[in-house]
>>> print(open('model18.cif').read())   # mmCIF, C-alpha atoms
data_query
#
loop_
_atom_site.label_atom_id
_atom_site.label_comp_id
_atom_site.auth_asym_id
_atom_site.auth_seq_id
_atom_site.Cartn_x
_atom_site.Cartn_y
_atom_site.Cartn_z
CA MET A 1 114.56 -16.50 66.95
CA VAL A 2 117.81 -14.87 65.84
CA ARG A 3 120.31 -16.92 63.88
CA ILE A 4 123.68 -15.45 63.03
CA SER A 5 125.71 -17.50 60.62
CA HIS A 6 129.39 -16.89 59.77
CA LEU A 7 128.94 -13.16 60.13
CA ARG A 8 131.82 -10.97 59.00
CA LYS A 9 132.09 -7.20 59.10
CA ASN A 10 134.93 -4.99 57.87
CA PHE A 11 135.31 -1.26 58.26
CA GLY A 12 137.71 -0.56 55.41
CA ASP A 13 140.77 -2.70 56.13
CA LEU A 14 139.76 -3.30 59.72
CA GLU A 15 138.10 -6.66 60.35
CA VAL A 16 135.76 -6.10 63.28
CA LEU A 17 133.82 -9.36 63.07
CA LYS A 18 135.76 -12.29 61.66
CA ASP A 19 133.44 -15.27 61.83
CA VAL A 20 130.59 -15.13 64.30
CA SER A 21 127.83 -17.71 64.50
CA LEU A 22 125.23 -17.58 67.24
CA ASP A 23 121.67 -18.81 67.75
CA VAL A 24 119.37 -17.02 70.11
CA ALA A 25 116.40 -19.12 71.20
CA PRO A 26 112.99 -17.61 71.94
CA ARG A 27 112.74 -16.22 75.50
CA GLN A 28 116.49 -16.47 75.88
CA VAL A 29 118.53 -13.66 77.43
CA MET A 30 121.95 -13.63 75.82
CA VAL A 31 124.46 -11.33 77.46
CA ILE A 32 127.50 -10.40 75.36
CA ILE A 33 130.62 -9.26 77.16
CA GLY A 34 134.14 -8.48 76.04
CA PRO A 35 136.80 -5.78 75.86
CA SER A 36 136.14 -2.64 73.82
CA GLY A 37 136.91 -3.20 70.17
CA SER A 38 135.94 -6.86 70.40
CA GLY A 39 133.06 -6.30 67.97
CA LYS A 40 130.14 -6.83 70.36
CA SER A 41 128.34 -3.57 69.54
CA THR A 42 128.95 -4.09 65.82
CA LEU A 43 127.44 -7.56 66.14
CA LEU A 44 124.32 -6.14 67.74
CA ARG A 45 124.03 -3.37 65.13
CA CYS A 46 124.23 -5.97 62.36
CA VAL A 47 121.20 -7.75 63.82
CA ASN A 48 118.94 -4.84 62.81
CA HIS A 49 121.04 -3.85 59.84
CA LEU A 50 122.29 -0.53 61.18
CA GLU A 51 125.59 -1.99 60.03
CA VAL A 52 125.62 -3.83 56.73
CA PRO A 53 127.36 -7.21 57.11
CA THR A 54 130.37 -7.85 54.86
CA GLY A 55 129.63 -11.58 54.79
CA GLY A 56 127.48 -14.25 56.36
CA GLU A 57 123.76 -14.34 57.07
CA ILE A 58 121.39 -13.13 59.75
CA TYR A 59 117.95 -14.68 60.13
CA ILE A 60 115.16 -13.18 62.22
CA GLU A 61 112.40 -15.69 62.94
CA GLY A 62 113.67 -17.76 60.04
CA GLU A 63 113.69 -14.86 57.56
CA LEU A 64 116.93 -13.77 55.93
CA LEU A 65 117.64 -10.15 56.97
CA ASN A 66 120.52 -9.24 54.65
CA ASP A 67 118.84 -10.52 51.51
CA SER A 68 120.99 -9.19 48.66
CA SER A 69 118.53 -10.33 45.99
CA LEU A 70 116.22 -7.44 46.91
CA LYS A 71 116.92 -4.00 45.48
CA PHE A 72 116.34 -0.50 46.84
CA LYS A 73 112.63 0.01 47.59
CA ALA A 74 111.92 -3.71 47.93
CA PHE A 75 114.83 -4.09 50.32
CA GLU A 76 113.78 -1.08 52.38
CA ALA A 77 110.27 -2.50 52.74
CA HIS A 78 111.70 -5.90 53.70
CA LEU A 79 114.06 -4.27 56.17
CA ASN A 80 111.34 -2.18 57.78
CA ARG A 81 109.08 -5.19 58.11
CA ILE A 82 111.80 -7.11 59.97
CA ARG A 83 112.83 -4.08 62.03
CA CYS A 84 109.30 -4.00 63.44
CA LYS A 85 110.22 -7.25 65.17
CA VAL A 86 113.60 -6.08 66.45
CA GLY A 87 113.70 -3.38 69.13
CA MET A 88 116.91 -1.55 69.91
CA VAL A 89 118.02 0.57 72.84
CA PHE A 90 121.16 2.68 72.48
CA GLN A 91 123.91 3.81 74.81
CA GLN A 92 123.07 7.47 74.12
CA PHE A 93 119.25 6.99 74.44
CA ASN A 94 118.61 8.87 71.19
CA LEU A 95 115.19 10.10 72.25
CA PHE A 96 113.62 12.60 69.88
CA PRO A 97 114.24 15.92 71.66
CA HIS A 98 111.46 17.83 69.90
CA MET A 99 108.77 15.47 71.19
CA THR A 100 107.37 14.83 74.64
CA VAL A 101 107.84 11.47 76.32
CA LEU A 102 104.41 10.30 75.15
CA GLU A 103 104.99 11.55 71.60
CA ASN A 104 108.31 9.69 71.50
CA VAL A 105 106.59 6.44 72.43
CA ILE A 106 103.63 6.74 70.02
CA GLU A 107 105.64 8.06 67.05
CA ALA A 108 106.45 4.74 65.39
CA PRO A 109 103.24 2.89 66.32
CA VAL A 110 101.20 5.70 64.73
CA HIS A 111 103.34 6.43 61.68
CA VAL A 112 104.80 2.99 60.96
CA LEU A 113 102.24 0.51 62.30
CA LYS A 114 99.38 2.92 61.47
CA GLN A 115 97.76 2.45 64.85
CA SER A 116 95.12 4.98 65.82
CA SER A 117 96.34 7.75 68.09
CA ASP A 118 94.05 6.58 70.92
CA GLN A 119 95.20 3.02 70.71
CA ALA A 120 98.87 4.04 70.65
CA ARG A 121 98.37 6.46 73.55
CA SER A 122 96.75 3.97 75.85
CA LYS A 123 99.45 1.40 75.07
CA ALA A 124 102.14 4.05 75.63
CA ARG A 125 100.67 5.03 79.01
CA GLU A 126 100.70 1.40 80.04
CA LEU A 127 104.35 0.98 79.00
CA LEU A 128 105.44 4.21 80.65
CA LYS A 129 103.75 3.11 83.84
CA LYS A 130 105.62 -0.16 83.61
CA VAL A 131 109.00 1.61 83.39
CA GLY A 132 107.99 3.87 86.29
CA LEU A 133 107.48 7.11 84.35
CA ALA A 134 103.70 7.47 84.30
CA GLU A 135 103.89 11.01 85.66
CA LYS A 136 106.42 12.18 83.04
CA ILE A 137 104.36 11.65 79.88
CA ASP A 138 104.16 15.33 78.93
CA THR A 139 107.77 16.14 79.75
CA TYR A 140 110.43 16.78 77.14
CA PRO A 141 113.50 14.50 77.18
CA ALA A 142 115.87 17.35 78.07
CA MET A 143 114.10 17.67 81.44
CA LEU A 144 114.71 14.04 82.37
CA SER A 145 117.72 12.35 83.96
CA GLY A 146 119.74 9.89 81.89
CA GLY A 147 118.17 6.95 83.65
CA GLN A 148 114.66 8.26 82.98
CA GLN A 149 115.52 8.94 79.34
CA GLN A 150 116.81 5.42 78.94
CA ARG A 151 113.62 3.96 80.40
CA VAL A 152 111.57 6.04 77.95
CA ALA A 153 113.78 4.66 75.17
CA ILE A 154 112.96 1.13 76.33
CA ALA A 155 109.23 1.93 76.39
CA ARG A 156 109.49 3.50 72.93
CA SER A 157 111.06 0.34 71.61
CA LEU A 158 108.55 -1.95 73.34
CA ALA A 159 105.66 0.02 71.84
CA MET A 160 106.43 -1.69 68.53
CA GLU A 161 105.83 -5.04 70.24
CA PRO A 162 109.10 -6.51 69.03
CA ALA A 163 109.94 -10.22 69.19
CA VAL A 164 113.50 -9.53 70.26
CA MET A 165 115.16 -6.61 72.03
CA LEU A 166 118.75 -5.46 71.51
CA PHE A 167 120.45 -3.52 74.30
CA ASP A 168 123.69 -1.80 73.31
CA GLU A 169 125.58 -0.78 76.48
CA VAL A 170 122.47 0.96 77.70
CA THR A 171 123.82 1.81 81.16
CA SER A 172 127.31 2.94 80.11
CA ALA A 173 126.38 6.62 79.80
CA LEU A 174 124.50 6.75 83.13
CA ASP A 175 125.51 8.01 86.54
CA PRO A 176 126.08 5.01 88.81
CA GLU A 177 123.04 5.67 90.99
CA LEU A 178 120.73 5.62 87.95
CA VAL A 179 121.93 2.31 86.56
CA GLY A 180 119.82 0.21 88.94
CA ASP A 181 116.44 1.51 87.72
CA VAL A 182 117.27 0.71 84.11
CA LEU A 183 118.60 -2.76 84.93
CA ARG A 184 115.48 -3.49 86.96
CA VAL A 185 113.27 -2.70 83.96
CA MET A 186 115.39 -5.02 81.83
CA GLU A 187 115.20 -7.74 84.44
CA ASP A 188 111.40 -7.49 84.55
CA LEU A 189 111.35 -7.76 80.79
CA ALA A 190 113.50 -10.89 80.92
CA HIS A 191 111.14 -12.45 83.47
CA GLU A 192 108.22 -11.75 81.15
CA GLY A 193 109.92 -13.91 78.57
CA MET A 194 111.30 -11.31 76.16
CA THR A 195 114.07 -12.56 73.91
CA MET A 196 117.03 -10.28 74.56
CA MET A 197 120.57 -9.69 73.31
CA VAL A 198 122.38 -7.51 75.82
CA VAL A 199 125.83 -5.99 75.32
CA THR A 200 126.97 -4.75 78.71
CA HIS A 201 129.76 -4.27 81.21
CA GLU A 202 127.40 -4.99 84.11
CA MET A 203 128.69 -8.39 85.18
CA GLY A 204 126.18 -8.55 88.03
CA PHE A 205 123.33 -8.32 85.52
CA ALA A 206 124.96 -10.92 83.26
CA GLU A 207 125.27 -13.34 86.12
CA LYS A 208 121.83 -12.79 87.58
CA VAL A 209 119.62 -12.31 84.52
CA GLY A 210 121.52 -13.94 81.64
CA ASP A 211 120.54 -17.40 80.48
CA ARG A 212 123.73 -17.48 78.53
CA VAL A 213 126.87 -15.36 78.44
CA VAL A 214 128.97 -14.89 75.31
CA PHE A 215 132.52 -13.61 75.63
CA MET A 216 133.85 -11.92 72.51
CA ALA A 217 137.39 -10.82 71.72
CA ASP A 218 139.06 -9.66 68.50
CA GLY A 219 136.03 -10.31 66.33
CA TYR A 220 135.42 -13.89 67.48
CA VAL A 221 133.19 -15.60 70.01
CA VAL A 222 135.78 -16.98 72.44
CA GLU A 223 133.50 -18.55 74.98
CA ASP A 224 129.75 -19.18 75.13
CA SER A 225 128.34 -20.71 78.29
CA LYS A 226 125.96 -20.47 81.22
CA PRO A 227 126.68 -17.54 83.54
CA GLU A 228 127.79 -19.75 86.43
CA GLU A 229 130.28 -21.47 84.10
CA MET A 230 131.50 -18.21 82.59
CA PHE A 231 132.10 -16.47 85.88
CA GLY A 232 132.88 -19.51 88.08
CA ASN A 233 134.98 -21.59 85.78
CA PRO A 234 136.02 -19.84 82.54
CA LYS A 235 137.75 -22.19 80.12
CA HIS A 236 139.89 -19.88 78.04
CA ASP A 237 142.88 -17.82 79.15
CA ARG A 238 141.56 -14.80 77.25
CA THR A 239 138.29 -14.97 79.21
CA ARG A 240 140.07 -15.35 82.54
CA GLN A 241 142.30 -12.41 81.72
CA PHE A 242 139.33 -10.19 80.82
CA LEU A 243 137.29 -11.19 83.86
CA SER A 244 140.19 -10.65 86.22
CA GLU A 245 140.71 -7.18 84.70
CA ILE A 246 137.07 -6.19 84.99
CA LEU A 247 136.40 -7.70 88.42
CA LYS A 248 139.51 -6.19 89.95
CA MET B 1 103.60 54.46 46.89
CA LEU B 2 101.62 51.88 48.85
CA LYS B 3 100.68 50.16 45.62
CA GLY B 4 104.37 49.73 44.86
CA ALA B 5 104.96 48.41 48.35
CA LEU B 6 102.17 45.91 47.85
CA LEU B 7 103.82 44.57 44.71
CA THR B 8 107.15 44.35 46.54
CA LEU B 9 105.40 42.36 49.24
CA GLN B 10 103.81 40.04 46.67
CA ILE B 11 107.12 39.45 44.92
CA SER B 12 108.84 38.84 48.27
CA VAL B 13 106.32 36.27 49.49
CA LEU B 14 106.19 34.36 46.22
CA SER B 15 109.96 34.22 45.78
CA LEU B 16 110.29 33.27 49.46
CA LEU B 17 108.05 30.24 48.88
CA LEU B 18 109.91 29.39 45.70
CA GLY B 19 113.19 29.83 47.57
CA ILE B 20 112.12 27.36 50.26
CA PHE B 21 111.12 24.85 47.60
CA PHE B 22 114.34 25.19 45.57
CA GLY B 23 116.45 25.25 48.72
CA LEU B 24 114.91 22.13 50.21
CA ALA B 25 115.00 20.26 46.90
CA ALA B 26 118.64 21.16 46.26
CA ALA B 27 119.66 20.31 49.84
CA LEU B 28 117.97 16.88 49.72
CA CYS B 29 119.45 16.17 46.28
CA LYS B 30 122.89 17.09 47.51
CA LEU B 31 122.53 14.79 50.54
CA GLY B 32 120.99 11.97 48.50
CA ARG B 33 122.56 8.94 46.90
CA ASN B 34 121.81 9.74 43.26
CA PRO B 35 125.04 11.13 41.71
CA LEU B 36 123.20 12.85 38.84
CA LEU B 37 120.88 14.77 41.20
CA ARG B 38 123.83 15.57 43.44
CA GLY B 39 125.69 16.99 40.45
CA ILE B 40 122.75 19.08 39.30
CA ALA B 41 122.20 20.51 42.79
CA SER B 42 125.88 21.36 43.22
CA PHE B 43 125.97 23.03 39.80
CA TYR B 44 122.85 25.09 40.55
CA ILE B 45 124.22 26.29 43.88
CA TRP B 46 127.60 27.10 42.39
CA LEU B 47 126.11 28.93 39.37
CA ILE B 48 123.81 31.15 41.43
CA ARG B 49 126.31 31.96 44.13
CA SER B 50 129.08 32.88 41.71
CA THR B 51 127.10 35.37 39.59
CA PRO B 52 125.37 38.64 40.47
CA LEU B 53 121.60 38.62 41.02
CA LEU B 54 121.18 41.56 38.63
CA VAL B 55 122.82 39.62 35.79
CA GLN B 56 120.68 36.57 36.61
CA LEU B 57 117.54 38.70 36.35
CA PHE B 58 118.71 40.15 33.02
CA ILE B 59 119.39 36.68 31.63
CA ILE B 60 115.90 35.52 32.56
CA TYR B 61 114.07 38.64 31.44
CA PHE B 62 116.09 39.82 28.41
CA GLY B 63 117.98 36.63 27.50
CA LEU B 64 115.42 33.83 27.63
CA PRO B 65 112.95 35.44 25.17
CA GLN B 66 115.70 35.02 22.55
CA LEU B 67 115.26 31.25 23.09
CA GLY B 68 111.51 31.63 22.80
CA ILE B 69 110.86 31.64 26.58
CA ASP B 70 109.18 34.91 27.44
CA LEU B 71 108.06 34.93 31.06
CA GLY B 72 107.20 38.60 31.32
CA PRO B 73 108.52 40.89 34.05
CA PHE B 74 106.57 39.52 37.03
CA LEU B 75 107.34 35.83 36.54
CA SER B 76 110.93 36.63 35.56
CA GLY B 77 111.39 38.62 38.73
CA VAL B 78 109.84 36.02 41.03
CA LEU B 79 111.71 33.17 39.37
CA GLY B 80 115.05 35.00 39.43
CA LEU B 81 114.73 35.96 43.10
CA GLY B 82 113.40 32.51 44.03
CA LEU B 83 116.26 30.72 42.30
CA ASN B 84 118.72 33.08 43.92
CA VAL B 85 117.54 32.79 47.52
CA GLY B 86 116.99 29.05 46.98
CA ALA B 87 120.69 28.50 46.34
CA TYR B 88 121.61 30.24 49.58
CA ASN B 89 118.87 28.38 51.46
CA ALA B 90 120.14 25.06 50.09
CA GLU B 91 123.45 25.36 51.91
CA THR B 92 121.71 26.56 55.08
CA ILE B 93 119.26 23.65 55.02
CA ARG B 94 121.97 21.11 54.23
CA GLY B 95 124.06 22.41 57.12
CA GLY B 96 121.08 22.12 59.47
CA ILE B 97 120.34 18.55 58.43
CA VAL B 98 123.91 17.28 58.78
CA SER B 99 124.19 18.88 62.22
CA ILE B 100 121.55 16.49 63.65
CA PRO B 101 123.36 13.64 65.45
CA VAL B 102 123.43 10.37 63.50
CA GLY B 103 121.91 8.63 66.54
CA GLN B 104 118.59 10.30 65.71
CA THR B 105 118.49 8.66 62.29
CA GLU B 106 119.58 5.34 63.78
CA ALA B 107 116.85 5.48 66.42
CA ALA B 108 114.25 6.28 63.75
CA ARG B 109 115.48 3.53 61.44
CA SER B 110 115.56 1.00 64.29
CA LEU B 111 111.87 1.81 64.82
CA ALA B 112 111.26 0.68 61.23
CA MET B 113 110.78 4.20 59.89
CA SER B 114 111.69 4.62 56.21
CA ASN B 115 114.34 7.13 55.20
CA ALA B 116 111.70 9.55 53.99
CA LEU B 117 109.58 9.25 57.13
CA ALA B 118 112.63 9.69 59.39
CA MET B 119 113.60 12.80 57.43
CA ARG B 120 110.11 14.30 57.64
CA ARG B 121 109.20 13.44 61.23
CA ILE B 122 112.54 13.32 63.04
CA ILE B 123 115.37 15.09 61.21
CA LEU B 124 113.75 18.10 59.50
CA PRO B 125 111.78 19.32 62.54
CA GLN B 126 114.99 19.32 64.56
CA ALA B 127 117.03 20.83 61.73
CA LEU B 128 114.45 23.62 61.41
CA ARG B 129 115.55 25.02 64.74
CA ILE B 130 119.07 25.41 63.38
CA ILE B 131 118.00 26.48 59.89
CA ILE B 132 115.50 29.22 60.73
CA PRO B 133 117.79 32.00 62.02
CA PRO B 134 120.20 31.97 59.02
CA MET B 135 117.37 31.33 56.56
CA GLY B 136 115.49 34.27 58.05
CA ASN B 137 118.53 36.34 57.31
CA ASN B 138 118.37 35.21 53.67
CA PHE B 139 114.74 36.36 53.55
CA ILE B 140 115.49 39.79 54.94
CA ILE B 141 118.13 40.17 52.24
CA LEU B 142 115.59 38.93 49.69
CA ILE B 143 113.06 41.64 50.59
CA LYS B 144 115.69 44.30 50.00
CA ASP B 145 116.93 42.61 46.81
CA THR B 146 113.45 42.88 45.30
CA SER B 147 114.39 46.48 44.51
CA LEU B 148 116.55 45.07 41.70
CA VAL B 149 113.48 43.94 39.77
CA SER B 150 112.72 47.62 39.16
CA THR B 151 115.32 47.25 36.40
CA ILE B 152 113.12 44.78 34.55
CA THR B 153 110.20 47.21 34.42
CA LEU B 154 108.29 45.95 37.47
CA VAL B 155 106.70 48.95 39.13
CA GLU B 156 107.43 47.87 42.67
CA LEU B 157 108.38 50.14 45.55
CA THR B 158 111.68 51.48 44.21
CA LEU B 159 110.44 52.15 40.70
CA THR B 160 107.27 53.72 42.13
CA ALA B 161 109.44 56.12 44.13
CA GLN B 162 111.41 56.97 40.99
CA ARG B 163 108.24 57.71 39.08
CA PHE B 164 106.95 59.98 41.83
CA ILE B 165 110.25 61.82 41.72
CA GLY B 166 109.67 62.41 38.02
CA SER B 167 106.49 64.31 38.79
CA THR B 168 107.33 65.91 42.16
CA TYR B 169 111.12 66.61 41.87
CA LYS B 170 111.52 65.56 45.49
CA PRO B 171 114.04 62.70 45.45
CA PHE B 172 115.00 63.05 49.11
CA GLU B 173 111.46 62.71 50.48
CA MET B 174 110.48 59.99 48.02
CA TYR B 175 113.49 57.77 48.65
CA ILE B 176 113.19 58.25 52.42
CA MET B 177 109.60 57.15 52.17
CA ALA B 178 110.54 54.10 50.12
CA ALA B 179 113.28 53.27 52.60
CA ALA B 180 110.82 53.57 55.48
CA LEU B 181 108.42 51.18 53.77
CA TYR B 182 111.23 48.65 53.20
CA ALA B 183 112.15 48.99 56.87
CA VAL B 184 108.55 48.29 57.92
CA MET B 185 108.51 45.10 55.83
CA THR B 186 111.89 43.79 56.96
CA THR B 187 111.18 44.58 60.60
CA THR B 188 107.83 42.81 60.46
CA ALA B 189 109.55 39.84 58.86
CA SER B 190 112.17 39.74 61.63
CA LEU B 191 109.48 39.84 64.31
CA LEU B 192 107.60 36.97 62.69
CA LEU B 193 110.83 34.99 62.37
CA GLY B 194 111.58 35.57 66.03
CA LYS B 195 108.21 34.06 66.92
CA LEU B 196 108.83 31.08 64.66
CA GLU B 197 112.24 30.59 66.25
CA LYS B 198 110.63 30.39 69.67
CA ARG B 199 108.15 27.80 68.48
CA THR B 200 110.82 25.55 66.98
CA ASN B 201 112.75 25.69 70.24
CA ARG B 202 110.22 23.35 71.78
CA GLY B 203 111.91 20.75 73.98
CA HIS B 204 115.13 22.73 74.36
CA ARG B 205 116.22 24.42 77.52
#
>>> encode(input="model18.cif", output="structure tokens")
Amino acid sequence: MVRISHLRKNFGDLEVLKDVSLDVAPRQVMVIIGPSGSGKSTLLRCVNHLEVPTGGEIYIEGELLNDSSLKFKAFEAHLNRIRCKVGMVFQQFNLFPHMTVLENVIEAPVHVLKQSSDQARSKARELLKKVGLAEKIDTYPAMLSGGQQQRVAIARSLAMEPAVMLFDEVTSALDPELVGDVLRVMEDLAHEGMTMMVVTHEMGFAEKVGDRVVFMADGYVVEDSKPEEMFGNPKHDRTRQFLSEILK
Amino acid sequence: MLKGALLTLQISVLSLLLGIFFGLAAALCKLGRNPLLRGIASFYIWLIRSTPLLVQLFIIYFGLPQLGIDLGPFLSGVLGLGLNVGAYNAETIRGGIVSIPVGQTEAARSLAMSNALAMRRIILPQALRIIIPPMGNNFIILIKDTSLVSTITLVELTLTAQRFIGSTYKPFEMYIMAAALYAVMTTTASLLLGKLEKRTNRGHR
């Protein structure tokens, strides 16, 4: 579904990703953990080309994402076609503040996928019901709690019917009591068979929902295993050190 | 006198529209990736802001005909004022656009929106809220600056007042009347802008 091959990313002189190769299978939930600065968010942002890789390749459903043979307009069209298949949810929600909840969700289906307004609306209502916000459709984002905003952001992303969803520390900006609702929505999504790449500090979620946990440090994948292995019997010192810090 | 005011109003509205067009075009060029367009936009903004409006009007009305471009007083006036307010708008619009958090663009792009679509649907509507108050200010100044086109023979409000003075010898009354009419126009404009400001505040507490 997603194939990352020898990915490198530099910000100026700083090497954030040094050589990362990962394969995400369909219906797999890959949870990526690691200390801050390990490159996990950058990795995720490369998967939908919000960051331009310095080297290596990324394939989405077998199609090369960072295809340097395409120029300007052709590349933008190619990129937008692939981005339709890759949903992303951000730490800071990034809802459109000038639109209601419903307008946020139908925006891309109507203007990118060219769905009819009615079609997009009924789909949006369904999705908002699913994330528990059916009664908030005409509310503006500023009137919602962080947890509610984040669930709208998930619905907005799902409205594009993506093949894979990227979650970039989506609960890190939330008050503790609001984290549960968002994680529950993500868990439901995982049970429905959505392919997911999840960068998070929620070890409970990683253990319970993850099919696979990837530990990253200093721009490399240090350890890649089943959750019970990762948390019960980590192989590398660096992993043990990180887990003991975070589970203190 | 009302006829003069009507011409002032016409000139104001037309140069306002032209000013929005030039301002938006220059702002987008300056934010864009094309170095040539960026250079042209920067040069335009610099040129207009570093010279007096009166001299700009004289160049267009008296200077250009020497090069075979004779626009006549009305077009010269509208073009001069439009170019002038456009340069000020450009910086206002650019400032509004860059003040929108980068996360908004990222969210739009992650939803497969093109750059142009993201600008039109997501960034500009939000930037408008920030742009409108200072741009409104530019327009109020524009209405008053239209009095300068009286120097290129346009019989707008100020020149109308002057002509009446020629026949009535009552400069005090005539200029007070002209001033009152300018005040009516600028005040109406401020009220309309206030309404627009409220509408663009949608979604904000």
>>> interface_residues(input="model18.cif", of="chain A", to="chain B", cutoff="6 Å", atoms="all atoms listed in the file", output="PDB file with C-alpha atoms, keeping the file's coordinate frame")
ATOM      1  CA  ASN A  80     111.340  -2.180  57.780  1.00  0.00           C
ATOM      2  CA  ARG A  83     112.830  -4.080  62.030  1.00  0.00           C
ATOM      3  CA  CYS A  84     109.300  -4.000  63.440  1.00  0.00           C
ATOM      4  CA  ASN A  94     118.610   8.870  71.190  1.00  0.00           C
ATOM      5  CA  PRO A  97     114.240  15.920  71.660  1.00  0.00           C
ATOM      6  CA  HIS A  98     111.460  17.830  69.900  1.00  0.00           C
ATOM      7  CA  TYR A 140     110.430  16.780  77.140  1.00  0.00           C
TER       8      TYR A 140
END
>>> residues_around(input="model18.cif", residues="region 193-199 of chain B", least_positions_apart="3", cutoff="8 Å", atoms="all atoms listed in the file", output="number ranges by chain")
B: 129, 132-133, 136, 189-190, 202
>>> resolve_selection(input="model18.cif", expression="the PyMOL selection byres ((chain A and resi 67) around 12)", output="ChimeraX atom specification")
/A:49,52-53,55-60,63-66,68-72,74-79,82
>>> closest_residue(input="model18.cif", among="B:Ala90, B:Leu79, B:Met185, B:Ile69", to="Met135 (chain B)", atoms="all atoms listed in the file")
B:Ala90
>>> closest_residue(input="model18.cif", among="B:Val149, B:Leu24, B:Leu17, B:Ile40", to="Phe74 (chain B)", atoms="only C-alpha atoms")
B:Val149
>>> resolve_selection(input="model18.cif", expression="the PyMOL selection byres ((chain A and resi 44) around 12)", output="count of residues only")
44
>>> resolve_selection(input="model18.cif", expression="the PyMOL selection byres ((chain A and resi 146) around 10)", output="PyMOL selection string")
chain A and resi 92-93+141-145+147-152+171+173-175+178-179+182
>>> closest_residue(input="model18.cif", among="B:Leu81, B:Leu36, B:Leu124, B:Leu6", to="Leu18 (chain B)", atoms="only C-alpha atoms")
B:Leu81
>>> atom_distance(input="model18.cif", atom1="CA of Gly39 (chain B)", atom2="CA of Val85 (chain B)")
19.1 Å
>>> residues_around(input="model18.cif", residues="Ser50 (chain B)", least_positions_apart="5", cutoff="12 Å", atoms="all atoms listed in the file", output="PyMOL selection string")
chain B and resi 43-45+55-56+84+87-88
>>> closest_residue(input="model18.cif", among="A:Val209, A:Met1, A:Ala108, A:Ala134", to="Ser157 (chain A)", atoms="all atoms listed in the file")
A:Ala108
>>> closest_residue(input="model18.cif", among="B:Leu181, B:Ile93, B:Met119, B:Leu31", to="Lys144 (chain B)", atoms="all atoms listed in the file")
B:Leu181
>>> closest_residue(input="model18.cif", among="B:Ala127, B:Leu75, B:Ala179, B:Leu57", to="Val98 (chain B)", atoms="all atoms listed in the file")
B:Ala127
>>> atom_distance(input="model18.cif", atom1="CA of Leu71 (chain B)", atom2="CA of Ala161 (chain B)")
24.9 Å
>>> residues_near_point(input="model18.cif", point="(95.7, 7.4, 73.1)", cutoff="12 Å", atoms="all atoms listed in the file", output="PyMOL selection string")
chain A and resi 102-103+105-107+109-110+115-126+137
>>> write_last_selection(input="model18.cif", atoms="C-alpha atoms", output="short mmCIF file (atom, residue, chain, number, x, y, z; two decimals), in the frame of the given file")
data_model
loop_
_atom_site.label_atom_id
_atom_site.label_comp_id
_atom_site.auth_asym_id
_atom_site.auth_seq_id
_atom_site.Cartn_x
_atom_site.Cartn_y
_atom_site.Cartn_z
CA LEU A 102 104.41 10.30 75.15
CA GLU A 103 104.99 11.55 71.60
CA VAL A 105 106.59 6.44 72.43
CA ILE A 106 103.63 6.74 70.02
CA GLU A 107 105.64 8.06 67.05
CA PRO A 109 103.24 2.89 66.32
CA VAL A 110 101.20 5.70 64.73
CA GLN A 115 97.76 2.45 64.85
CA SER A 116 95.12 4.98 65.82
CA SER A 117 96.34 7.75 68.09
CA ASP A 118 94.05 6.58 70.92
CA GLN A 119 95.20 3.02 70.71
CA ALA A 120 98.87 4.04 70.65
CA ARG A 121 98.37 6.46 73.55
CA SER A 122 96.75 3.97 75.85
CA LYS A 123 99.45 1.40 75.07
CA ALA A 124 102.14 4.05 75.63
CA ARG A 125 100.67 5.03 79.01
CA GLU A 126 100.70 1.40 80.04
CA ILE A 137 104.36 11.65 79.88
#
>>> atom_distance(input="model18.cif", atom1="CA of Phe164 (chain B)", atom2="CA of Ala178 (chain B)")
10.8 Å
>>> decode(input="model18.cif", residues="region 29-49 of chain B", atoms="C-alpha atoms", output="CSV table (one decimal), in the first residue's frame")
chain,number,residue,atom,x,y,z
B,29,CYS,CA,3.1,38.0,-8.1
B,30,LYS,CA,5.3,39.0,-5.2
B,31,LEU,CA,4.3,35.8,-3.3
B,32,GLY,CA,4.8,33.6,-6.4
B,33,ARG,CA,7.7,31.6,-7.6
B,34,ASN,CA,8.4,33.4,-10.8
B,35,PRO,CA,11.4,35.7,-10.2
B,36,LEU,CA,10.5,38.0,-13.2
B,37,LEU,CA,7.0,38.6,-12.0
B,38,ARG,CA,8.3,39.1,-8.5
B,39,GLY,CA,10.7,41.7,-9.8
B,40,ILE,CA,8.1,43.5,-11.8
B,41,ALA,CA,5.7,43.6,-8.8
B,42,SER,CA,8.3,44.9,-6.4
B,43,PHE,CA,9.4,47.6,-8.9
B,44,TYR,CA,5.8,48.7,-9.4
B,45,ILE,CA,5.2,49.0,-5.7
B,46,TRP,CA,8.4,50.8,-5.1
B,47,LEU,CA,7.9,53.2,-8.0
B,48,ILE,CA,4.4,54.2,-6.9
B,49,ARG,CA,5.1,54.5,-3.2
